[in-house]
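The structure appears below as structure tokens.
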Amino acid sequence: MARNLTLMFQDLDQITERWAGNGQFDPSNDIYNAVFQLTIRATSCREIADDPVAVKRVAQLYWDMENGVSAASRLLTWFPSTVRKRKQQATADLCLLLKGAIDKRKEEGRREDDSVQVLLDEGDGVNDVIQFVMRALFAGIINTGIMSSWLLLFLAVNPEWKTKVLAELREFVSKYTDSTGSMSSQLAQLPPQVWEEEMAVIDLCLRETIRFVMSGSLLRRVLPAQDGEDMSFEGHKASPGTFLAYSVNSVHHDPEIYPDPYKWDPSRFSRGEDKRQHWAFLGWGVGRHPCTGMRFAKLEIKVILALFLLKYDYSAVDATGLSVNTLPEPDRDNLSKPRPMKPVFIKYQSIVA
């Protein structure tokens with residue numbers, strides 16, 4: 001993990017160098033790009049991760065596939081729409097791109113220190129490796145990008161929490177590093193357990209961001225019971241094969257669980273509001289099937305947040321450049337990129353050490 005941290009911060013350094021000392025960006029685009037780079041680095045091959053042009057190409061193919069999924073495409077599976085054709089072509093192109101990188105590595109007898117090499121060494125075939133990479137991309141991009149961008153925005157309009165997060169980060173940098181070198185090199189020196197277990201303030205902020213922004217429903221399929229009886233709950237029966245949908249919003253925005261649910265308030269978790277009901281927080285999944293990539297997703301979010309906060313002073317502004325003090329609601333109809341209902345940008349200025 002320590003080596004991965006170094007590579008992740010090197011990738012982020014290259015991204016922030018393109019931002020220069022000051023400017024403005026749309027977090028729903030630029031932060032997603034950062035997440036995409038880190039996910040490619042962790043789950044794919046160096047041939048792509050080290051090549052900005054290849055990463056950009058993979059990102060375009062990914063979004064062509066992601067945007068090709070809609071309610072209409074699910075219902076009208078037979079209809080050869082333009083979006084469906086674009087998705088099919090993008091899927092084929094991405095498979096060929098990954099296969100080309102793997103085949104070339106094999107032909108050259110070259111070894112790399114990455115996830116693809118681990119899978120090849122385990123004896124997995126090329127098709128299996130490609131399937132792993134594609135599944136990892138779809139699992140690792142959406143929610144990590146959503147929460148990274150919204151967390152930066154919430155801290156921009158809640159300066160008291162931004163100050164607390166900065167204090168926590170500076171304490172760890174002072175405690176665990178020699179305070180020399182670039183900020184990314186200093187952050188890469190933090191022990192893995194600090195990132196995973198000791199960033200209590202950031203964990204509260206992330207948890208509240210997930211509660212506030214997360215939308216959609218969790219689906220589970222009813223399996224046959226050993227006694228052959230249908231599943232029963234609250235007077236209803238569900239036969240084997242039935243799909244059950246559990247609304248995330250109805251729980252996360254329930255005022256009986258979370259008072260004033262449309263206020264971003266990380267301290268609600270210190271007060272134990274999420275303990276008022278069984279499974280009152282659904283952020284990483286619950287039961288037997290929680291998110292298997294939770295640890296890496298949290299790491300990505302914290303790495304992006306830490307470097308940006310320690311390198312830049314920033315605020316939220318609207319399309320005209322005026323300061324934004326209250327964020328618009330997320331577009332909850334857009335599950336892959338729930339932007340603010342009105343455009344909000346991040347205006348930043350490099351911090352002079």
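In the structure tokens, each chain is lettered A, B, ... as it comes, each chain's residues begin at 1, and ligands are numbered from 1 in order of appearance.
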Exercise for review: Mind checking which residues fall within 9 Å of Tyr32 (chain A), counting only C-alpha atoms, ignoring those fewer than 2 positions away in the same chain, and posting them as a ChimeraX atom specification?
Suggested key: /A:27-30,34-37,141-142,144-146,148-149
For the selection you just gave me, I'd like the residues written to a file as a short mmCIF file (atom, residue, chain, number, x, y, z; two decimals), in the first residue's frame, keeping all heavy atoms.
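Saved result, result-v9.cif, follows:
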data_model
loop_
_atom_site.label_atom_id
_atom_site.label_comp_id
_atom_site.auth_asym_id
_atom_site.auth_seq_id
_atom_site.Cartn_x
_atom_site.Cartn_y
_atom_site.Cartn_z
N PRO A 27 -15.71 20.52 -10.51
CA PRO A 27 -15.32 19.27 -9.83
C PRO A 27 -15.97 18.03 -10.43
O PRO A 27 -15.40 16.94 -10.35
CB PRO A 27 -15.78 19.51 -8.38
CG PRO A 27 -16.82 20.58 -8.47
CD PRO A 27 -16.40 21.45 -9.61
N SER A 28 -17.14 18.20 -11.05
CA SER A 28 -17.80 17.04 -11.65
C SER A 28 -17.06 16.53 -12.88
O SER A 28 -17.34 15.43 -13.35
CB SER A 28 -19.24 17.40 -12.04
OG SER A 28 -20.00 17.72 -10.90
N ASN A 29 -16.11 17.31 -13.38
CA ASN A 29 -15.26 16.85 -14.47
C ASN A 29 -13.84 16.58 -13.98
O ASN A 29 -13.33 15.46 -14.11
CB ASN A 29 -15.21 17.89 -15.60
CG ASN A 29 -16.53 17.99 -16.34
OD1 ASN A 29 -17.26 17.01 -16.46
ND2 ASN A 29 -16.85 19.16 -16.84
N ASP A 30 -13.21 17.58 -13.40
CA ASP A 30 -11.78 17.47 -13.06
C ASP A 30 -11.50 16.49 -11.93
O ASP A 30 -10.50 15.77 -11.97
CB ASP A 30 -11.22 18.85 -12.72
CG ASP A 30 -11.19 19.76 -13.94
OD1 ASP A 30 -12.26 20.23 -14.35
OD2 ASP A 30 -10.11 19.98 -14.50
N ALA A 34 -9.36 12.87 -11.94
CA ALA A 34 -8.34 12.45 -10.98
C ALA A 34 -8.67 11.05 -10.45
O ALA A 34 -7.78 10.19 -10.34
CB ALA A 34 -8.26 13.45 -9.83
N VAL A 35 -9.93 10.82 -10.13
CA VAL A 35 -10.35 9.49 -9.66
C VAL A 35 -10.09 8.44 -10.73
O VAL A 35 -9.62 7.33 -10.44
CB VAL A 35 -11.85 9.51 -9.28
CG1 VAL A 35 -12.37 8.09 -9.03
CG2 VAL A 35 -12.06 10.37 -8.03
N PHE A 36 -10.36 8.81 -11.98
CA PHE A 36 -10.16 7.86 -13.08
C PHE A 36 -8.68 7.48 -13.19
O PHE A 36 -8.35 6.30 -13.35
CB PHE A 36 -10.63 8.48 -14.40
CG PHE A 36 -10.99 7.46 -15.43
CD1 PHE A 36 -12.29 7.03 -15.57
CD2 PHE A 36 -10.02 6.89 -16.24
CE1 PHE A 36 -12.63 6.07 -16.51
CE2 PHE A 36 -10.33 5.93 -17.17
CZ PHE A 36 -11.65 5.52 -17.31
N GLN A 37 -7.79 8.46 -13.07
CA GLN A 37 -6.37 8.18 -13.15
C GLN A 37 -5.93 7.24 -12.03
O GLN A 37 -5.19 6.27 -12.27
CB GLN A 37 -5.57 9.48 -13.07
CG GLN A 37 -4.06 9.30 -12.98
CD GLN A 37 -3.45 8.69 -14.23
OE1 GLN A 37 -3.65 9.19 -15.33
NE2 GLN A 37 -2.70 7.61 -14.07
N ILE A 141 -15.28 3.92 -10.27
CA ILE A 141 -15.29 5.30 -10.76
C ILE A 141 -16.45 6.12 -10.20
O ILE A 141 -16.25 7.20 -9.61
CB ILE A 141 -15.35 5.34 -12.30
CG1 ILE A 141 -14.12 4.64 -12.90
CG2 ILE A 141 -15.43 6.78 -12.80
CD1 ILE A 141 -12.81 5.29 -12.58
N ILE A 142 -17.67 5.64 -10.35
CA ILE A 142 -18.86 6.46 -10.14
C ILE A 142 -18.93 7.04 -8.73
O ILE A 142 -18.87 8.26 -8.52
CB ILE A 142 -20.14 5.66 -10.46
CG1 ILE A 142 -20.17 5.26 -11.94
CG2 ILE A 142 -21.38 6.47 -10.10
CD1 ILE A 142 -20.25 6.44 -12.88
N THR A 144 -16.92 6.94 -6.14
CA THR A 144 -15.73 7.63 -5.65
C THR A 144 -15.65 9.04 -6.23
O THR A 144 -15.31 10.00 -5.53
CB THR A 144 -14.47 6.84 -6.00
OG1 THR A 144 -14.60 5.50 -5.54
CG2 THR A 144 -13.24 7.46 -5.35
N GLY A 145 -15.96 9.18 -7.52
CA GLY A 145 -15.97 10.50 -8.14
C GLY A 145 -17.03 11.40 -7.55
O GLY A 145 -16.79 12.59 -7.29
N ILE A 146 -18.24 10.83 -7.33
CA ILE A 146 -19.33 11.62 -6.76
C ILE A 146 -18.94 12.17 -5.40
O ILE A 146 -19.05 13.37 -5.13
CB ILE A 146 -20.59 10.75 -6.62
CG1 ILE A 146 -21.15 10.38 -8.00
CG2 ILE A 146 -21.66 11.47 -5.80
CD1 ILE A 146 -22.26 9.33 -7.94
N SER A 148 -15.97 12.39 -3.88
CA SER A 148 -14.79 13.26 -3.86
C SER A 148 -15.17 14.70 -4.23
O SER A 148 -14.76 15.66 -3.56
CB SER A 148 -13.72 12.74 -4.82
OG SER A 148 -13.27 11.47 -4.46
N SER A 149 -15.94 14.86 -5.30
CA SER A 149 -16.29 16.20 -5.76
C SER A 149 -17.24 16.89 -4.79
O SER A 149 -17.07 18.08 -4.46
CB SER A 149 -16.90 16.14 -7.16
OG SER A 149 -18.02 15.29 -7.20
#
**Study point:** Expected answer as JSON, numbers by chain: alpha helix (DSSP H) residues in region 75-212 of chain A
**Key:** {"A": [75, 82, 83, 84, 85, 86, 87, 88, 89, 90, 91, 92, 93, 94, 95, 96, 97, 98, 99, 100, 101, 102, 103, 104, 105, 106, 107, 108, 115, 116, 117, 118, 119, 120, 121, 126, 127, 128, 129, 130, 131, 132, 133, 134, 135, 136, 137, 138, 139, 140, 142, 143, 144, 145, 146, 147, 148, 149, 150, 151, 152, 153, 154, 155, 156, 159, 160, 161, 162, 163, 164, 165, 166, 167, 168, 169, 170, 171, 172, 173, 174, 175, 176, 183, 184, 185, 186, 187, 192, 193, 200, 201, 202, 203, 204, 205, 206, 207, 208, 209, 210, 211, 212]}
Point to revise | Exercise: region 168-170 of chain A partners within 12 Å, only C-alpha atoms, chain neighbours under 3 positions left out, as a PyMOL selection string | key: chain A and resi 161-165+173-177+179+183+186-187+190+194-195+198-203+302-303+305-311
Per-residue nearest contacts region 20-120 of chain A to region 312-333 of chain A, cut-off 12 Å, using only C-alpha atoms, as a Markdown table:
| residue | atom | partner | partner_atom | distance |
| --- | --- | --- | --- | --- |
| A:Ala20 | CA | A:Tyr312 | CA | 10.7 |
| A:Gly21 | CA | A:Tyr312 | CA | 8.4 |
| A:Asn22 | CA | A:Tyr312 | CA | 8.4 |
| A:Gly23 | CA | A:Tyr314 | CA | 9.6 |
| A:Gln24 | CA | A:Val317 | CA | 8.9 |
| A:Phe25 | CA | A:Val317 | CA | 9.9 |
| A:Asp26 | CA | A:Ala319 | CA | 10.0 |
| A:Pro27 | CA | A:Ala316 | CA | 10.2 |
| A:Ser28 | CA | A:Pro330 | CA | 11.3 |
| A:Ser70 | CA | A:Asp333 | CA | 11.4 |
| A:Ala71 | CA | A:Asp333 | CA | 11.7 |
Once you have the residues from the selection above, write them out as a compact mmCIF listing (two decimals), in the first residue's frame, restricted to all heavy atoms.
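Listing of again-v7.txt after writing:
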# COMPACT_ATOMS: atom_id res chain seq x y z
N ALA A 20 -1.82 24.75 -12.67
CA ALA A 20 -1.03 25.96 -12.39
C ALA A 20 -1.36 26.48 -10.99
O ALA A 20 -1.93 25.79 -10.17
CB ALA A 20 -1.26 27.02 -13.46
N GLY A 21 -1.00 27.74 -10.73
CA GLY A 21 -1.11 28.28 -9.37
C GLY A 21 -2.50 28.72 -8.98
O GLY A 21 -2.83 28.77 -7.78
N ASN A 22 -3.33 29.06 -9.92
CA ASN A 22 -4.68 29.50 -9.59
C ASN A 22 -5.58 29.26 -10.79
O ASN A 22 -5.12 29.09 -11.92
CB ASN A 22 -4.69 30.97 -9.19
CG ASN A 22 -4.21 31.88 -10.31
OD1 ASN A 22 -4.97 32.23 -11.22
ND2 ASN A 22 -2.93 32.27 -10.26
N GLY A 23 -6.86 29.26 -10.52
CA GLY A 23 -7.81 29.03 -11.62
C GLY A 23 -9.15 28.58 -11.09
O GLY A 23 -9.50 28.80 -9.92
N GLN A 24 -9.89 27.92 -11.95
CA GLN A 24 -11.26 27.50 -11.63
C GLN A 24 -11.56 26.23 -12.40
O GLN A 24 -11.14 26.08 -13.55
CB GLN A 24 -12.22 28.62 -12.03
CG GLN A 24 -13.69 28.33 -11.79
CD GLN A 24 -14.55 29.54 -12.12
OE1 GLN A 24 -14.36 30.64 -11.58
NE2 GLN A 24 -15.50 29.36 -13.03
N PHE A 25 -12.25 25.29 -11.77
CA PHE A 25 -12.61 24.07 -12.48
C PHE A 25 -13.95 23.54 -11.99
O PHE A 25 -14.44 23.92 -10.92
CB PHE A 25 -11.52 23.00 -12.37
CG PHE A 25 -11.27 22.48 -10.97
CD1 PHE A 25 -12.14 21.58 -10.37
CD2 PHE A 25 -10.13 22.86 -10.27
CE1 PHE A 25 -11.91 21.08 -9.10
CE2 PHE A 25 -9.89 22.36 -8.99
CZ PHE A 25 -10.78 21.48 -8.41
N ASP A 26 -14.51 22.66 -12.81
CA ASP A 26 -15.76 22.00 -12.48
C ASP A 26 -15.41 20.67 -11.81
O ASP A 26 -14.87 19.77 -12.45
CB ASP A 26 -16.57 21.75 -13.75
CG ASP A 26 -17.90 21.06 -13.49
OD1 ASP A 26 -18.14 20.62 -12.35
OD2 ASP A 26 -18.70 20.95 -14.44
N PRO A 27 -15.71 20.52 -10.51
CA PRO A 27 -15.32 19.27 -9.83
C PRO A 27 -15.97 18.03 -10.43
O PRO A 27 -15.40 16.94 -10.35
CB PRO A 27 -15.78 19.51 -8.38
CG PRO A 27 -16.82 20.58 -8.47
CD PRO A 27 -16.40 21.45 -9.61
N SER A 28 -17.14 18.20 -11.05
CA SER A 28 -17.80 17.04 -11.65
C SER A 28 -17.06 16.53 -12.88
O SER A 28 -17.34 15.43 -13.35
CB SER A 28 -19.24 17.40 -12.04
OG SER A 28 -20.00 17.72 -10.90
N SER A 70 -29.63 3.02 -19.92
CA SER A 70 -30.76 3.85 -19.52
C SER A 70 -31.98 2.98 -19.34
O SER A 70 -31.98 1.79 -19.68
CB SER A 70 -31.04 4.91 -20.60
OG SER A 70 -31.47 4.30 -21.80
N ALA A 71 -33.04 3.57 -18.79
CA ALA A 71 -34.27 2.82 -18.62
C ALA A 71 -34.80 2.35 -19.98
O ALA A 71 -35.27 1.21 -20.13
CB ALA A 71 -35.32 3.68 -17.91
Residues of region 89-206 of chain A within 8 Å of region 252-275 of chain A: nearest atom pair and distance (Å, one decimal) for each, counting only C-alpha atoms, sorted by chain and number, as a tab-separated table?
residue	atom	partner	partner_atom	distance
A:Phe154	CA	A:Trp264	CA	7.6
A:Leu204	CA	A:Pro266	CA	5.2
A:Cys205	CA	A:Pro266	CA	5.1
All heavy atoms of the current selection, written as a PDB file, in the first residue's frame:
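File written: again31.pdb
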ATOM      1  N   PHE A 154     -18.751  20.658  -0.190  1.00  0.00           N
ATOM      2  CA  PHE A 154     -19.325  20.863   1.142  1.00  0.00           C
ATOM      3  C   PHE A 154     -18.324  21.554   2.076  1.00  0.00           C
ATOM      4  O   PHE A 154     -18.710  22.416   2.877  1.00  0.00           O
ATOM      5  CB  PHE A 154     -19.766  19.529   1.746  1.00  0.00           C
ATOM      6  CG  PHE A 154     -21.111  19.058   1.273  1.00  0.00           C
ATOM      7  CD1 PHE A 154     -21.249  17.816   0.669  1.00  0.00           C
ATOM      8  CD2 PHE A 154     -22.236  19.853   1.422  1.00  0.00           C
ATOM      9  CE1 PHE A 154     -22.497  17.378   0.222  1.00  0.00           C
ATOM     10  CE2 PHE A 154     -23.485  19.427   0.974  1.00  0.00           C
ATOM     11  CZ  PHE A 154     -23.612  18.189   0.380  1.00  0.00           C
ATOM     12  N   LEU A 204     -15.893  11.450   9.363  1.00  0.00           N
ATOM     13  CA  LEU A 204     -17.203  12.024   9.662  1.00  0.00           C
ATOM     14  C   LEU A 204     -17.737  12.807   8.462  1.00  0.00           C
ATOM     15  O   LEU A 204     -18.912  12.680   8.086  1.00  0.00           O
ATOM     16  CB  LEU A 204     -17.124  12.947  10.882  1.00  0.00           C
ATOM     17  CG  LEU A 204     -16.932  12.302  12.248  1.00  0.00           C
ATOM     18  CD1 LEU A 204     -16.794  13.387  13.321  1.00  0.00           C
ATOM     19  CD2 LEU A 204     -18.106  11.390  12.594  1.00  0.00           C
ATOM     20  N   CYS A 205     -16.866  13.622   7.857  1.00  0.00           N
ATOM     21  CA  CYS A 205     -17.277  14.438   6.713  1.00  0.00           C
ATOM     22  C   CYS A 205     -17.656  13.574   5.517  1.00  0.00           C
ATOM     23  O   CYS A 205     -18.637  13.860   4.812  1.00  0.00           O
ATOM     24  CB  CYS A 205     -16.163  15.408   6.330  1.00  0.00           C
ATOM     25  SG  CYS A 205     -15.834  16.690   7.580  1.00  0.00           S
TER      26      CYS A 205
END
I'd like the neighbourhood of region 128-131 of chain A as a JSON list (two decimals) with all heavy atoms, in the first residue's frame, where a residue qualifies if any of its atoms comes within 9 Å (using only C-alpha atoms), though same-chain residues fewer than 5 positions away should be ignored.
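Wrote it out as selection-v6.json, contents follow:
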[["chain", "number", "residue", "atom", "x", "y", "z"],
["A", 44, "SER", "N", -5.38, -1.45, -13.40],
["A", 44, "SER", "CA", -5.07, -1.75, -14.79],
["A", 44, "SER", "C", -3.57, -2.01, -14.96],
["A", 44, "SER", "O", -2.95, -2.64, -14.13],
["A", 44, "SER", "CB", -5.55, -0.58, -15.68],
["A", 44, "SER", "OG", -5.25, -0.82, -17.03],
["A", 94, "LEU", "N", -12.44, -0.88, -26.00],
["A", 94, "LEU", "CA", -11.71, -0.97, -24.73],
["A", 94, "LEU", "C", -11.10, -2.36, -24.56],
["A", 94, "LEU", "O", -9.96, -2.49, -24.11],
["A", 94, "LEU", "CB", -12.64, -0.64, -23.57],
["A", 94, "LEU", "CG", -12.00, -0.67, -22.17],
["A", 94, "LEU", "CD1", -10.78, 0.24, -22.11],
["A", 94, "LEU", "CD2", -13.02, -0.26, -21.10],
["A", 95, "CYS", "N", -11.84, -3.37, -24.92],
["A", 95, "CYS", "CA", -11.30, -4.74, -24.85],
["A", 95, "CYS", "C", -10.06, -4.88, -25.72],
["A", 95, "CYS", "O", -9.04, -5.47, -25.30],
["A", 95, "CYS", "CB", -12.35, -5.75, -25.28],
["A", 95, "CYS", "SG", -13.70, -6.00, -24.11],
["A", 98, "LEU", "N", -7.01, -2.99, -24.16],
["A", 98, "LEU", "CA", -6.40, -3.74, -23.05],
["A", 98, "LEU", "C", -5.68, -4.98, -23.57],
["A", 98, "LEU", "O", -4.57, -5.29, -23.13],
["A", 98, "LEU", "CB", -7.49, -4.14, -22.05],
["A", 98, "LEU", "CG", -8.12, -3.00, -21.25],
["A", 98, "LEU", "CD1", -9.36, -3.48, -20.52],
["A", 98, "LEU", "CD2", -7.12, -2.41, -20.26],
["A", 99, "LYS", "N", -6.31, -5.69, -24.50],
["A", 99, "LYS", "CA", -5.69, -6.89, -25.07],
["A", 99, "LYS", "C", -4.38, -6.56, -25.77],
["A", 99, "LYS", "O", -3.39, -7.29, -25.66],
["A", 99, "LYS", "CB", -6.65, -7.57, -26.04],
["A", 99, "LYS", "CG", -6.15, -8.91, -26.59],
["A", 99, "LYS", "CD", -7.19, -9.57, -27.48],
["A", 99, "LYS", "CE", -6.76, -10.97, -27.92],
["A", 99, "LYS", "NZ", -5.47, -10.97, -28.63],
["A", 116, "VAL", "N", -2.43, -6.10, -13.46],
["A", 116, "VAL", "CA", -2.49, -7.01, -14.59],
["A", 116, "VAL", "C", -1.42, -8.08, -14.47],
["A", 116, "VAL", "O", -1.68, -9.27, -14.73],
["A", 116, "VAL", "CB", -2.35, -6.23, -15.92],
["A", 116, "VAL", "CG1", -2.01, -7.18, -17.07],
["A", 116, "VAL", "CG2", -3.63, -5.47, -16.23],
["A", 119, "LEU", "N", -2.39, -10.78, -11.96],
["A", 119, "LEU", "CA", -3.37, -11.71, -12.50],
["A", 119, "LEU", "C", -2.74, -12.68, -13.50],
["A", 119, "LEU", "O", -3.04, -13.88, -13.51],
["A", 119, "LEU", "CB", -4.51, -10.95, -13.16],
["A", 119, "LEU", "CG", -5.37, -10.09, -12.22],
["A", 119, "LEU", "CD1", -6.36, -9.25, -13.02],
["A", 119, "LEU", "CD2", -6.11, -10.96, -11.21],
["A", 120, "LEU", "N", -1.85, -12.15, -14.34],
["A", 120, "LEU", "CA", -1.17, -13.02, -15.30],
["A", 120, "LEU", "C", -0.30, -14.05, -14.58],
["A", 120, "LEU", "O", -0.26, -15.23, -14.97],
["A", 120, "LEU", "CB", -0.31, -12.17, -16.24],
["A", 120, "LEU", "CG", -1.06, -11.27, -17.22],
["A", 120, "LEU", "CD1", -0.07, -10.39, -17.99],
["A", 120, "LEU", "CD2", -1.92, -12.10, -18.19],
["A", 136, "ALA", "N", -13.62, -3.62, -12.53],
["A", 136, "ALA", "CA", -13.04, -2.75, -11.52],
["A", 136, "ALA", "C", -13.27, -1.28, -11.86],
["A", 136, "ALA", "O", -13.52, -0.45, -10.97],
["A", 136, "ALA", "CB", -11.54, -3.03, -11.38]]
Long-range neighbours of region 214-220 of chain A as a short mmCIF file (atom, residue, chain, number, x, y, z; two decimals) with C-alpha atoms, in the first residue's frame, 6 Å cut-off, only C-alpha atoms, 3 positions minimum in chain:
data_model
loop_
_atom_site.label_atom_id
_atom_site.label_comp_id
_atom_site.auth_asym_id
_atom_site.auth_seq_id
_atom_site.Cartn_x
_atom_site.Cartn_y
_atom_site.Cartn_z
CA ILE A 210 -22.50 9.91 1.43
CA ARG A 211 -25.68 10.22 3.52
CA PHE A 243 -36.32 -8.72 -6.44
CA LEU A 244 -36.71 -6.34 -3.50
CA ALA A 245 -35.79 -2.68 -3.75
CA TYR A 246 -34.78 -0.66 -0.68
CA SER A 247 -34.76 3.10 -1.14
CA VAL A 248 -31.60 4.77 0.12
CA ASN A 249 -33.18 8.24 0.26
#
Exercise for review: Choose the residue, out of A:Thr39, A:Gln189, A:Ser232, A:Asn33, that has the smallest atom-to-atom separation from Phe138 (chain A); count only C-alpha atoms.
Suggested key: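 Of the candidates, the smallest distance to Phe138 (chain A) is held by A:Thr39.
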